[in-house]
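So this one's upload_17.pdb, PDB, C-alpha atoms:
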```
ATOM      1  CA  MET A   1       4.604 162.169 -84.565
ATOM      2  CA  LEU A   2       7.364 160.613 -82.445
ATOM      3  CA  LYS A   3       9.876 163.066 -83.874
ATOM      4  CA  GLN A   4       7.806 165.894 -82.386
ATOM      5  CA  HIS A   5       8.599 164.806 -78.854
ATOM      6  CA  PRO A   6      11.415 167.019 -77.465
ATOM      7  CA  PHE A   7      13.274 164.055 -75.937
ATOM      8  CA  LEU A   8      13.306 162.053 -79.176
ATOM      9  CA  ARG A   9      14.293 165.117 -81.170
ATOM     10  CA  ALA A  10      17.134 165.743 -78.709
ATOM     11  CA  LEU A  11      18.223 162.103 -78.935
ATOM     12  CA  LEU A  12      18.297 162.341 -82.717
ATOM     13  CA  ILE A  13      20.401 165.523 -82.561
ATOM     14  CA  PHE A  14      22.675 163.888 -79.971
ATOM     15  CA  LEU A  15      23.298 160.879 -82.231
ATOM     16  CA  ASN A  16      23.760 163.032 -85.327
ATOM     17  CA  ILE A  17      26.421 165.117 -83.559
ATOM     18  CA  TRP A  18      28.191 161.902 -82.545
ATOM     19  CA  ILE A  19      28.097 160.545 -86.109
ATOM     20  CA  LEU A  20      29.572 163.826 -87.382
ATOM     21  CA  ALA A  21      32.187 163.861 -84.595
ATOM     22  CA  ILE A  22      33.210 160.249 -85.241
ATOM     23  CA  ILE A  23      33.513 160.824 -88.999
ATOM     24  CA  THR A  24      35.618 163.958 -88.339
ATOM     25  CA  LEU A  25      37.821 162.124 -85.826
ATOM     26  CA  LEU A  26      38.305 159.168 -88.188
ATOM     27  CA  ILE A  27      39.295 161.450 -91.060
ATOM     28  CA  LEU A  28      41.701 163.372 -88.800
ATOM     29  CA  TYR A  29      43.113 160.145 -87.339
ATOM     30  CA  PHE A  30      43.795 158.341 -90.597
ATOM     31  CA  ALA A  31      44.858 161.446 -92.530
ATOM     32  CA  TRP A  32      47.329 162.741 -89.976
ATOM     33  CA  LEU A  33      47.178 161.628 -86.359
ATOM     34  CA  ARG A  34      47.822 157.916 -86.919
ATOM     35  CA  GLU A  35      51.097 158.384 -88.753
ATOM     36  CA  TRP A  36      52.212 161.020 -86.261
ATOM     37  CA  GLN A  37      51.515 158.820 -83.224
ATOM     38  CA  MET A  38      52.950 155.665 -84.856
ATOM     39  CA  THR A  39      56.284 157.442 -85.361
ATOM     40  CA  TRP A  40      56.221 159.713 -82.303
ATOM     41  CA  GLY A  41      59.695 161.089 -81.541
ATOM     42  CA  ALA A  42      61.429 158.947 -84.183
ATOM     43  CA  THR A  43      63.441 160.231 -87.126
ATOM     44  CA  LYS A  44      62.799 159.016 -90.686
ATOM     45  CA  VAL A  45      65.971 156.941 -90.503
ATOM     46  CA  GLU A  46      64.860 155.292 -87.244
ATOM     47  CA  VAL A  47      61.459 154.518 -88.723
ATOM     48  CA  SER A  48      62.888 152.863 -91.844
ATOM     49  CA  GLN A  49      65.954 151.121 -90.403
ATOM     50  CA  TYR A  50      66.032 147.417 -89.555
ATOM     51  CA  MET A  51      65.413 146.406 -85.956
ATOM     52  CA  ALA A  52      65.616 143.012 -84.291
ATOM     53  CA  GLY A  53      62.560 140.906 -85.028
ATOM     54  CA  ASP A  54      61.460 142.687 -88.194
ATOM     55  CA  GLU A  55      61.877 139.433 -90.129
ATOM     56  CA  LEU A  56      59.510 137.579 -87.769
ATOM     57  CA  LEU A  57      56.453 139.510 -88.883
ATOM     58  CA  VAL A  58      56.020 140.193 -92.581
ATOM     59  CA  ASP A  59      53.759 143.004 -93.723
ATOM     60  CA  PRO A  60      52.415 144.195 -90.347
ATOM     61  CA  ASN A  61      49.444 146.571 -90.358
ATOM     62  CA  PHE A  62      50.321 147.827 -86.879
ATOM     63  CA  ASN A  63      53.895 149.074 -87.047
ATOM     64  CA  ALA A  64      54.803 151.661 -84.434
ATOM     65  CA  THR A  65      58.337 153.035 -84.077
ATOM     66  CA  ARG A  66      58.754 155.626 -81.315
ATOM     67  CA  ALA A  67      61.881 157.149 -79.827
ATOM     68  CA  VAL A  68      63.272 159.491 -77.195
ATOM     69  CA  GLU A  69      66.693 160.973 -76.681
ATOM     70  CA  ILE A  70      68.175 160.326 -73.240
ATOM     71  CA  LYS A  71      71.062 162.437 -72.010
ATOM     72  CA  VAL A  72      73.160 159.523 -70.770
ATOM     73  CA  PRO A  73      75.057 156.796 -72.667
ATOM     74  CA  PRO A  74      73.366 153.446 -73.532
ATOM     75  CA  GLU A  75      75.170 151.651 -70.665
ATOM     76  CA  GLN A  76      73.191 153.775 -68.205
ATOM     77  CA  VAL A  77      69.863 153.189 -69.952
ATOM     78  CA  TRP A  78      70.263 149.431 -70.364
ATOM     79  CA  PRO A  79      69.764 148.477 -66.662
ATOM     80  CA  TRP A  80      66.383 150.237 -66.684
ATOM     81  CA  LEU A  81      65.332 148.223 -69.740
ATOM     82  CA  VAL A  82      66.374 144.768 -68.558
ATOM     83  CA  GLN A  83      64.518 145.058 -65.278
ATOM     84  CA  MET A  84      61.219 145.940 -66.960
ATOM     85  CA  GLY A  85      58.266 143.604 -66.557
ATOM     86  CA  TYR A  86      55.165 142.657 -64.640
ATOM     87  CA  LYS A  87      55.896 142.010 -60.959
ATOM     88  CA  ARG A  88      59.455 143.129 -61.729
ATOM     89  CA  ALA A  89      60.285 146.826 -62.100
ATOM     90  CA  GLY A  90      57.039 147.567 -63.957
ATOM     91  CA  LEU A  91      56.703 149.118 -67.402
ATOM     92  CA  TYR A  92      57.294 152.715 -66.240
ATOM     93  CA  SER A  93      53.878 153.722 -67.523
ATOM     94  CA  PHE A  94      50.730 153.818 -65.404
ATOM     95  CA  GLY A  95      51.718 152.420 -62.032
ATOM     96  CA  GLY A  96      48.390 151.061 -60.872
ATOM     97  CA  LEU A  97      47.767 149.209 -64.115
ATOM     98  CA  ASP A  98      50.933 147.777 -65.596
ATOM     99  CA  ASN A  99      52.438 146.249 -62.474
ATOM    100  CA  GLY A 100      49.586 144.759 -60.470
ATOM    101  CA  GLY A 101      48.971 147.904 -58.451
ATOM    102  CA  MET A 102      52.653 148.413 -57.635
ATOM    103  CA  PRO A 103      54.362 151.587 -58.824
ATOM    104  CA  SER A 104      57.219 151.146 -61.292
ATOM    105  CA  ALA A 105      60.703 151.079 -59.790
ATOM    106  CA  GLU A 106      62.561 154.333 -59.251
ATOM    107  CA  ARG A 107      65.944 152.643 -58.826
ATOM    108  CA  ILE A 108      68.013 149.973 -60.518
ATOM    109  CA  ILE A 109      67.232 146.654 -58.873
ATOM    110  CA  PRO A 110      70.262 144.286 -58.901
ATOM    111  CA  GLU A 111      68.190 141.055 -58.692
ATOM    112  CA  TYR A 112      66.376 141.887 -61.964
ATOM    113  CA  GLN A 113      69.528 142.596 -63.961
ATOM    114  CA  ASN A 114      70.220 139.053 -65.156
ATOM    115  CA  LEU A 115      67.468 138.830 -67.759
ATOM    116  CA  LYS A 116      67.987 136.007 -70.256
ATOM    117  CA  VAL A 117      66.342 134.529 -73.343
ATOM    118  CA  GLY A 118      63.085 132.785 -72.423
ATOM    119  CA  ASP A 119      62.317 134.966 -69.390
ATOM    120  CA  GLN A 120      58.814 136.393 -69.097
ATOM    121  CA  ILE A 121      58.365 140.160 -69.219
ATOM    122  CA  LEU A 122      54.572 139.955 -68.985
ATOM    123  CA  PRO A 123      52.509 136.767 -68.581
ATOM    124  CA  SER A 124      52.383 136.311 -72.404
ATOM    125  CA  LEU A 125      55.455 138.296 -73.411
ATOM    126  CA  GLU A 126      58.819 136.583 -73.650
ATOM    127  CA  MET A 127      62.352 137.800 -74.131
ATOM    128  CA  VAL A 128      63.673 136.173 -77.319
ATOM    129  CA  GLU A 129      66.867 137.994 -78.223
ATOM    130  CA  MET A 130      69.253 140.492 -76.688
ATOM    131  CA  GLU A 131      72.547 142.211 -77.293
ATOM    132  CA  PRO A 132      73.546 144.048 -74.092
ATOM    133  CA  ASN A 133      73.522 147.859 -74.331
ATOM    134  CA  LYS A 134      72.334 147.659 -77.961
ATOM    135  CA  SER A 135      69.072 145.839 -78.538
ATOM    136  CA  MET A 136      66.459 143.560 -77.099
ATOM    137  CA  LEU A 137      63.517 141.728 -78.641
ATOM    138  CA  TRP A 138      60.359 140.612 -76.886
ATOM    139  CA  ARG A 139      57.678 138.490 -78.501
ATOM    140  CA  PHE A 140      54.075 137.920 -77.473
ATOM    141  CA  GLN A 141      53.121 134.282 -76.985
ATOM    142  CA  GLU A 142      49.922 132.263 -77.295
ATOM    143  CA  GLY A 143      47.224 133.607 -75.012
ATOM    144  CA  ALA A 144      48.128 137.237 -75.622
ATOM    145  CA  GLY A 145      44.777 137.794 -77.400
ATOM    146  CA  GLY A 146      45.040 140.354 -80.191
ATOM    147  CA  TRP A 147      48.779 140.692 -79.482
ATOM    148  CA  GLU A 148      49.612 137.021 -80.199
ATOM    149  CA  ASN A 149      52.893 136.769 -82.192
ATOM    150  CA  ALA A 150      53.433 140.543 -82.071
ATOM    151  CA  THR A 151      57.030 141.700 -81.616
ATOM    152  CA  TRP A 152      58.299 144.482 -79.374
ATOM    153  CA  SER A 153      61.830 145.519 -80.168
ATOM    154  CA  TRP A 154      64.145 147.935 -78.351
ATOM    155  CA  GLY A 155      67.186 149.626 -79.831
ATOM    156  CA  LEU A 156      69.751 151.823 -78.094
ATOM    157  CA  TYR A 157      71.895 153.977 -80.366
ATOM    158  CA  GLU A 158      74.673 156.208 -79.085
ATOM    159  CA  THR A 159      74.688 159.689 -80.578
ATOM    160  CA  ASN A 160      77.780 161.775 -81.351
ATOM    161  CA  ASN A 161      77.440 163.692 -78.089
ATOM    162  CA  GLY A 162      77.303 160.529 -75.964
ATOM    163  CA  HIS A 163      73.532 160.492 -75.514
ATOM    164  CA  THR A 164      71.206 157.572 -76.258
ATOM    165  CA  ARG A 165      68.459 157.334 -78.819
ATOM    166  CA  LEU A 166      66.068 154.824 -77.304
ATOM    167  CA  VAL A 167      63.827 153.348 -80.008
ATOM    168  CA  SER A 168      60.828 151.101 -79.431
ATOM    169  CA  ARG A 169      59.152 149.188 -82.257
ATOM    170  CA  LEU A 170      55.898 147.347 -81.793
ATOM    171  CA  ARG A 171      54.645 145.281 -84.738
ATOM    172  CA  GLN A 172      51.569 143.171 -85.275
ATOM    173  CA  ARG A 173      49.590 141.844 -88.198
ATOM    174  CA  CYS A 174      45.961 142.199 -87.199
ATOM    175  CA  THR A 175      43.621 139.714 -88.859
ATOM    176  CA  TYR A 176      40.266 141.131 -87.698
ATOM    177  CA  ASN A 177      38.937 137.554 -87.680
ATOM    178  CA  SER A 178      36.434 138.055 -84.908
ATOM    179  CA  LEU A 179      34.330 140.848 -83.514
ATOM    180  CA  LEU A 180      36.383 140.696 -80.324
ATOM    181  CA  GLU A 181      39.590 141.301 -82.274
ATOM    182  CA  ILE A 182      38.038 144.176 -84.218
ATOM    183  CA  VAL A 183      36.917 145.825 -80.955
ATOM    184  CA  HIS A 184      40.375 145.167 -79.470
ATOM    185  CA  TRP A 185      42.138 146.968 -82.322
ATOM    186  CA  VAL A 186      39.626 149.809 -82.579
ATOM    187  CA  ILE A 187      40.541 150.599 -78.961
ATOM    188  CA  ILE A 188      44.238 149.675 -79.031
ATOM    189  CA  ASP A 189      45.213 151.378 -82.279
ATOM    190  CA  PRO A 190      44.629 154.952 -81.086
ATOM    191  CA  MET A 191      45.145 154.335 -77.352
ATOM    192  CA  GLU A 192      48.395 152.346 -77.150
ATOM    193  CA  ILE A 193      50.483 155.483 -77.757
ATOM    194  CA  PHE A 194      49.414 156.859 -74.365
ATOM    195  CA  MET A 195      51.099 153.948 -72.610
ATOM    196  CA  MET A 196      54.129 153.699 -74.876
ATOM    197  CA  ARG A 197      54.913 157.409 -74.688
ATOM    198  CA  THR A 198      54.652 157.299 -70.900
ATOM    199  CA  THR A 199      56.971 154.271 -70.841
ATOM    200  CA  LEU A 200      59.610 155.956 -73.018
ATOM    201  CA  LEU A 201      59.471 159.197 -71.040
ATOM    202  CA  GLY A 202      59.465 157.201 -67.794
ATOM    203  CA  ILE A 203      62.730 155.491 -68.802
ATOM    204  CA  LYS A 204      64.205 158.831 -69.860
ATOM    205  CA  ARG A 205      63.362 160.513 -66.547
ATOM    206  CA  ARG A 206      64.684 157.633 -64.484
ATOM    207  CA  ALA A 207      67.916 157.227 -66.470
ATOM    208  CA  GLU A 208      68.672 160.955 -66.451
ATOM    209  CA  ASN A 209      67.849 161.421 -62.759
ATOM    210  CA  ASN A 210      69.992 158.514 -61.640
TER     211      ASN A 210
ATOM    212  CA  MET B 211      -1.339 184.707 -83.475
ATOM    213  CA  VAL B 212       2.078 184.797 -85.095
ATOM    214  CA  ASN B 213       3.678 185.661 -81.753
ATOM    215  CA  GLU B 214       1.942 182.722 -80.068
ATOM    216  CA  LYS B 215       3.321 180.367 -82.705
ATOM    217  CA  ASP B 216       6.820 181.848 -82.413
ATOM    218  CA  LYS B 217       6.633 181.477 -78.656
ATOM    219  CA  GLU B 218       5.602 177.845 -78.955
ATOM    220  CA  ILE B 219       8.425 177.106 -81.415
ATOM    221  CA  ASN B 220      10.894 178.768 -79.081
ATOM    222  CA  GLU B 221       9.640 176.821 -76.057
ATOM    223  CA  ASN B 222       9.935 173.575 -77.989
ATOM    224  CA  LYS B 223      13.451 174.515 -79.015
ATOM    225  CA  ILE B 224      14.418 175.106 -75.400
ATOM    226  CA  LYS B 225      12.767 171.850 -74.267
ATOM    227  CA  THR B 226      14.642 169.936 -76.954
ATOM    228  CA  PHE B 227      17.884 171.653 -76.041
ATOM    229  CA  ARG B 228      17.461 170.831 -72.353
ATOM    230  CA  TRP B 229      16.969 167.158 -73.190
ATOM    231  CA  LEU B 230      20.137 167.321 -75.277
ATOM    232  CA  PHE B 231      21.930 168.832 -72.299
ATOM    233  CA  TYR B 232      20.645 166.126 -69.924
ATOM    234  CA  ILE B 233      21.638 163.312 -72.326
ATOM    235  CA  SER B 234      25.144 164.775 -72.756
ATOM    236  CA  LEU B 235      25.524 165.185 -68.990
ATOM    237  CA  PHE B 236      24.263 161.631 -68.407
ATOM    238  CA  GLN B 237      26.776 160.313 -70.966
ATOM    239  CA  LEU B 238      29.636 161.979 -69.102
ATOM    240  CA  LEU B 239      28.476 160.821 -65.675
ATOM    241  CA  VAL B 240      28.062 157.208 -66.861
ATOM    242  CA  CYS B 241      31.560 157.277 -68.352
ATOM    243  CA  LEU B 242      33.042 158.473 -65.059
ATOM    244  CA  THR B 243      30.995 156.116 -62.848
ATOM    245  CA  ILE B 244      31.407 152.805 -64.730
ATOM    246  CA  PRO B 245      35.005 152.230 -63.483
ATOM    247  CA  ILE B 246      33.823 152.572 -59.866
ATOM    248  CA  VAL B 247      31.661 149.494 -60.431
ATOM    249  CA  LEU B 248      34.061 147.510 -62.629
ATOM    250  CA  MET B 249      37.598 148.223 -61.513
ATOM    251  CA  PRO B 250      39.482 146.870 -58.477
ATOM    252  CA  ILE B 251      40.048 149.492 -55.812
ATOM    253  CA  HIS B 252      43.862 149.660 -56.199
ATOM    254  CA  ALA B 253      43.566 150.624 -59.877
ATOM    255  CA  LEU B 254      40.567 152.910 -59.527
ATOM    256  CA  LEU B 255      42.367 156.233 -59.154
ATOM    257  CA  VAL B 256      44.665 155.649 -62.133
ATOM    258  CA  VAL B 257      41.790 154.386 -64.310
ATOM    259  CA  GLU B 258      39.618 157.382 -63.398
ATOM    260  CA  ILE B 259      42.449 159.780 -64.223
ATOM    261  CA  LEU B 260      43.150 157.993 -67.522
ATOM    262  CA  ILE B 261      39.469 158.167 -68.436
ATOM    263  CA  ALA B 262      39.437 161.852 -67.518
ATOM    264  CA  LEU B 263      42.422 162.320 -69.837
ATOM    265  CA  THR B 264      40.973 160.418 -72.814
ATOM    266  CA  ILE B 265      37.387 159.337 -73.465
ATOM    267  CA  GLY B 266      36.021 161.313 -70.499
ATOM    268  CA  LEU B 267      37.593 164.456 -71.904
ATOM    269  CA  LEU B 268      35.944 163.732 -75.251
ATOM    270  CA  PHE B 269      32.537 163.481 -73.532
ATOM    271  CA  GLY B 270      33.400 166.596 -71.510
ATOM    272  CA  LEU B 271      34.166 168.529 -74.684
ATOM    273  CA  TYR B 272      30.903 167.296 -76.142
ATOM    274  CA  LEU B 273      29.060 168.667 -73.104
ATOM    275  CA  MET B 274      31.009 171.910 -73.379
ATOM    276  CA  GLY B 275      29.896 172.299 -77.014
ATOM    277  CA  VAL B 276      26.292 171.723 -75.972
ATOM    278  CA  CYS B 277      26.639 174.269 -73.144
ATOM    279  CA  ILE B 278      28.188 176.902 -75.417
ATOM    280  CA  TYR B 279      25.149 176.509 -77.671
ATOM    281  CA  GLY B 280      22.935 176.654 -74.558
ATOM    282  CA  ILE B 281      24.361 180.024 -73.512
ATOM    283  CA  PHE B 282      22.722 181.502 -76.612
ATOM    284  CA  VAL B 283      19.586 179.371 -76.805
ATOM    285  CA  ASP B 284      18.571 178.952 -73.154
ATOM    286  CA  LYS B 285      19.516 182.282 -71.583
ATOM    287  CA  SER B 286      17.596 181.600 -68.345
ATOM    288  CA  ARG B 287      20.297 179.043 -67.402
ATOM    289  CA  PHE B 288      23.241 181.104 -68.533
ATOM    290  CA  CYS B 289      25.100 180.675 -65.214
ATOM    291  CA  LEU B 290      24.850 176.875 -65.232
ATOM    292  CA  TYR B 291      26.175 176.586 -68.776
ATOM    293  CA  ALA B 292      28.902 179.172 -68.174
ATOM    294  CA  VAL B 293      30.133 177.283 -65.094
ATOM    295  CA  ILE B 294      30.246 173.986 -67.040
ATOM    296  CA  VAL B 295      32.088 175.632 -69.947
ATOM    297  CA  PHE B 296      34.611 177.092 -67.483
ATOM    298  CA  PHE B 297      35.018 173.765 -65.679
ATOM    299  CA  VAL B 298      35.560 171.746 -68.879
ATOM    300  CA  GLY B 299      37.964 174.452 -70.103
ATOM    301  CA  VAL B 300      40.081 174.027 -66.949
ATOM    302  CA  TRP B 301      39.811 170.242 -67.336
ATOM    303  CA  THR B 302      41.065 170.486 -70.934
ATOM    304  CA  ILE B 303      44.040 172.662 -69.931
ATOM    305  CA  TRP B 304      44.874 170.238 -67.083
ATOM    306  CA  SER B 305      44.729 167.313 -69.566
ATOM    307  CA  ILE B 306      47.066 169.025 -72.040
ATOM    308  CA  ILE B 307      49.578 169.868 -69.290
ATOM    309  CA  THR B 308      49.348 166.326 -67.901
ATOM    310  CA  TRP B 309      50.024 164.746 -71.311
ATOM    311  CA  LEU B 310      52.901 167.133 -71.976
ATOM    312  CA  TYR B 311      54.621 166.394 -68.664
ATOM    313  CA  ILE B 312      53.260 162.912 -67.942
ATOM    314  CA  GLU B 313      56.594 161.504 -66.758
ATOM    315  CA  HIS B 314      56.590 163.987 -63.873
ATOM    316  CA  MET B 315      53.032 163.175 -62.739
ATOM    317  CA  SER B 316      53.916 160.967 -59.785
ATOM    318  CA  TYR B 317      50.249 160.316 -58.929
ATOM    319  CA  LEU B 318      49.845 158.674 -62.343
ATOM    320  CA  THR B 319      53.125 156.986 -63.120
TER     321      THR B 319
END
```

For the file at hand, write its structure as structure tokens.
Amino acid sequence: MLKQHPFLRALLIFLNIWILAIITLLILYFAWLREWQMTWGATKVEVSQYMAGDELLVDPNFNATRAVEIKVPPEQVWPWLVQMGYKRAGLYSFGGLDNGGMPSAERIIPEYQNLKVGDQILPSLEMVEMEPNKSMLWRFQEGAGGWENATWSWGLYETNNGHTRLVSRLRQRCTYNSLLEIVHWVIIDPMEIFMMRTTLLGIKRRAENN
Amino acid sequence: MVNEKDKEINENKIKTFRWLFYISLFQLLVCLTIPIVLMPIHALLVVEILIALTIGLLFGLYLMGVCIYGIFVDKSRFCLYAVIVFFVGVWTIWSIITWLYIEHMSYLT
């Protein structure tokens, strides 16, 4: 009887379409999209090669290696990397969100160039290792929620033509111990690429334009 | 007698479709309005744009699918559905261009 009411019938159709759409999206995501976005821009060698911090997290189930080629040598990319951070030069992604409402810097800021081990990039993200013009490792600390203990590694590799391959690797072992963590990863897993890609392209634009 | 029954079935189909249209429209409007209530003012524009580029677009495409069906089922509102299909089409193209050239979108980055 209830099913005869047009509104309830419409609601049932509405939900059925959503169930079909979600199943289709999940199949597409895990069959193809996830691997593509987790390795966006990176070569097979870059995906499989060792990067700083790999030994800190064994068997991660979130392992994203992305890369861009920047048409300047690593020495000209490095200053943009070391000044990154909250209330510093920003993360070069979405200005209103990643830097407390401030846009990310469009110039190299001398006072943020002396980054050292132990400095905070974000409130729960710490710099743990760096080799100037080559690599840098950040690690999430306690209080970073679902990101706790995750590593974020940067590598700069000079190509034969003097350009830079800038590689970012973000690794985490998700435990799915609580509903909150499950929700966190259901959202983060497909969405994080939007920020990371913007960050990489933001660094590329800034380094090439300056 | 048969015609009366056919007419009734058709009217019910249209009524059901219209409810489906209203629910889909409501879903999209809720998605776009929630940040206005929840987000601080300085982040509102960026959040709205990001929603329009991700989950909002998904809801928009859902509504577009419903409207494309509506063009054939509910011909009396052809113009309304056609306008929505056109609008979501433009929105989709804008989203693709924005994602392709995101680093140059100064209003976002």

Practice prompt. Provide as a PyMOL selection string the residues of chain B at most 12 Å from chain A, counting all atoms listed in the file.
Written response: chain B and resi 219-237+249-261+263-265+268-269+271-273+275-276+308-319

Item to complete: Choose the residue, out of A:Gly90, A:Gly53, A:Pro74, A:Pro79, that has the smallest atom-to-atom separation from Gln113 in chain A; count all atoms listed in the file.
Response: A:Pro79

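Every protein, DNA or RNA residue with an atom at most 8 Å from Trp40 in chain A, where all atoms listed in the file count and chain neighbours fewer than 5 positions away do not, is listed here: Thr65, Arg66 and Ala67 of chain A.
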
Practice prompt. Step by step, work through what the PyMOL selection byres ((chain A and resi 190) around 10) selects in the shown file, and finish by giving those residues as a ChimeraX atom specification.
Written response: /A:29,33-34,37-38,185-189,191-194

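Counting from CA of Ala52 in chain A, the distance to CA of Pro132 in chain A is 13.0 Å.
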
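One distance worth recording is that between CA of Arg173 in chain A and CA of Trp138 in chain A, which is 15.7 Å.
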
Worksheet item: So how many Å separate CA of Trp78 in chain A and CA of Glu35 in chain A, to one decimal?
Response: 28.0 Å

Discussion item. Report as number ranges by chain all protein, DNA and RNA residues lying within 7 Å of range 123-128 of chain A, evaluated on all atoms listed in the file, omitting residues in the same chain fewer than 6 positions from it.
Written reply: A: 117, 137-144

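Closest approach to Val298 in chain B among B:Leu242, B:Leu267, B:Glu214, B:Leu248 is made by B:Leu267 (distances from only C-alpha atoms).
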
Discussion item. Once the PyMOL selection byres ((chain B and resi 296) around 12) is applied to the coordinates I shared, what remains selected? I want it as a list in words.
Written reply: Gly270, Leu271, Leu273, Met274, Gly275, Cys277, Ile278, Cys289, Leu290, Tyr291, Ala292, Val293, Ile294, Val295, Phe297, Val298, Gly299, Val300, Trp301, Thr302 and Ile303 of chain B

Generate N, CA and C atoms for range 91-106 of chain A and emit them as a short mmCIF file (atom, residue, chain, number, x, y, z; two decimals), in the coordinates of the input.
```
data_model
loop_
_atom_site.label_atom_id
_atom_site.label_comp_id
_atom_site.auth_asym_id
_atom_site.auth_seq_id
_atom_site.Cartn_x
_atom_site.Cartn_y
_atom_site.Cartn_z
N LEU A 91 56.46 148.68 -66.02
CA LEU A 91 56.70 149.12 -67.40
C LEU A 91 56.90 150.63 -67.46
N TYR A 92 57.07 151.26 -66.34
CA TYR A 92 57.29 152.72 -66.24
C TYR A 92 56.17 153.52 -66.89
N SER A 93 54.98 152.93 -66.96
CA SER A 93 53.88 153.72 -67.52
C SER A 93 52.90 154.04 -66.39
N PHE A 94 51.71 153.45 -66.42
CA PHE A 94 50.73 153.82 -65.40
C PHE A 94 50.80 152.82 -64.25
N GLY A 95 51.37 153.28 -63.16
CA GLY A 95 51.72 152.42 -62.03
C GLY A 95 50.65 151.46 -61.54
N GLY A 96 49.43 151.92 -61.41
CA GLY A 96 48.39 151.06 -60.87
C GLY A 96 47.95 149.98 -61.84
N LEU A 97 48.31 150.11 -63.11
CA LEU A 97 47.77 149.21 -64.11
C LEU A 97 48.77 148.21 -64.65
N ASP A 98 50.00 148.65 -64.88
CA ASP A 98 50.93 147.78 -65.60
C ASP A 98 51.75 146.88 -64.67
N ASN A 99 51.60 147.04 -63.37
CA ASN A 99 52.44 146.25 -62.47
C ASN A 99 51.65 145.74 -61.26
N GLY A 100 50.42 145.33 -61.53
CA GLY A 100 49.59 144.76 -60.47
C GLY A 100 49.38 145.69 -59.28
N GLY A 101 49.23 146.96 -59.54
CA GLY A 101 48.97 147.90 -58.45
C GLY A 101 50.23 148.48 -57.81
N MET A 102 51.38 147.91 -58.18
CA MET A 102 52.65 148.41 -57.64
C MET A 102 53.19 149.51 -58.54
N PRO A 103 53.74 150.58 -57.96
CA PRO A 103 54.36 151.59 -58.82
C PRO A 103 55.63 151.04 -59.47
N SER A 104 55.99 151.58 -60.63
CA SER A 104 57.22 151.15 -61.29
C SER A 104 58.43 151.58 -60.46
N ALA A 105 59.51 150.83 -60.61
CA ALA A 105 60.70 151.08 -59.79
C ALA A 105 61.33 152.44 -60.11
N GLU A 106 61.87 153.05 -59.07
CA GLU A 106 62.56 154.33 -59.25
C GLU A 106 64.07 154.16 -59.08
#
```
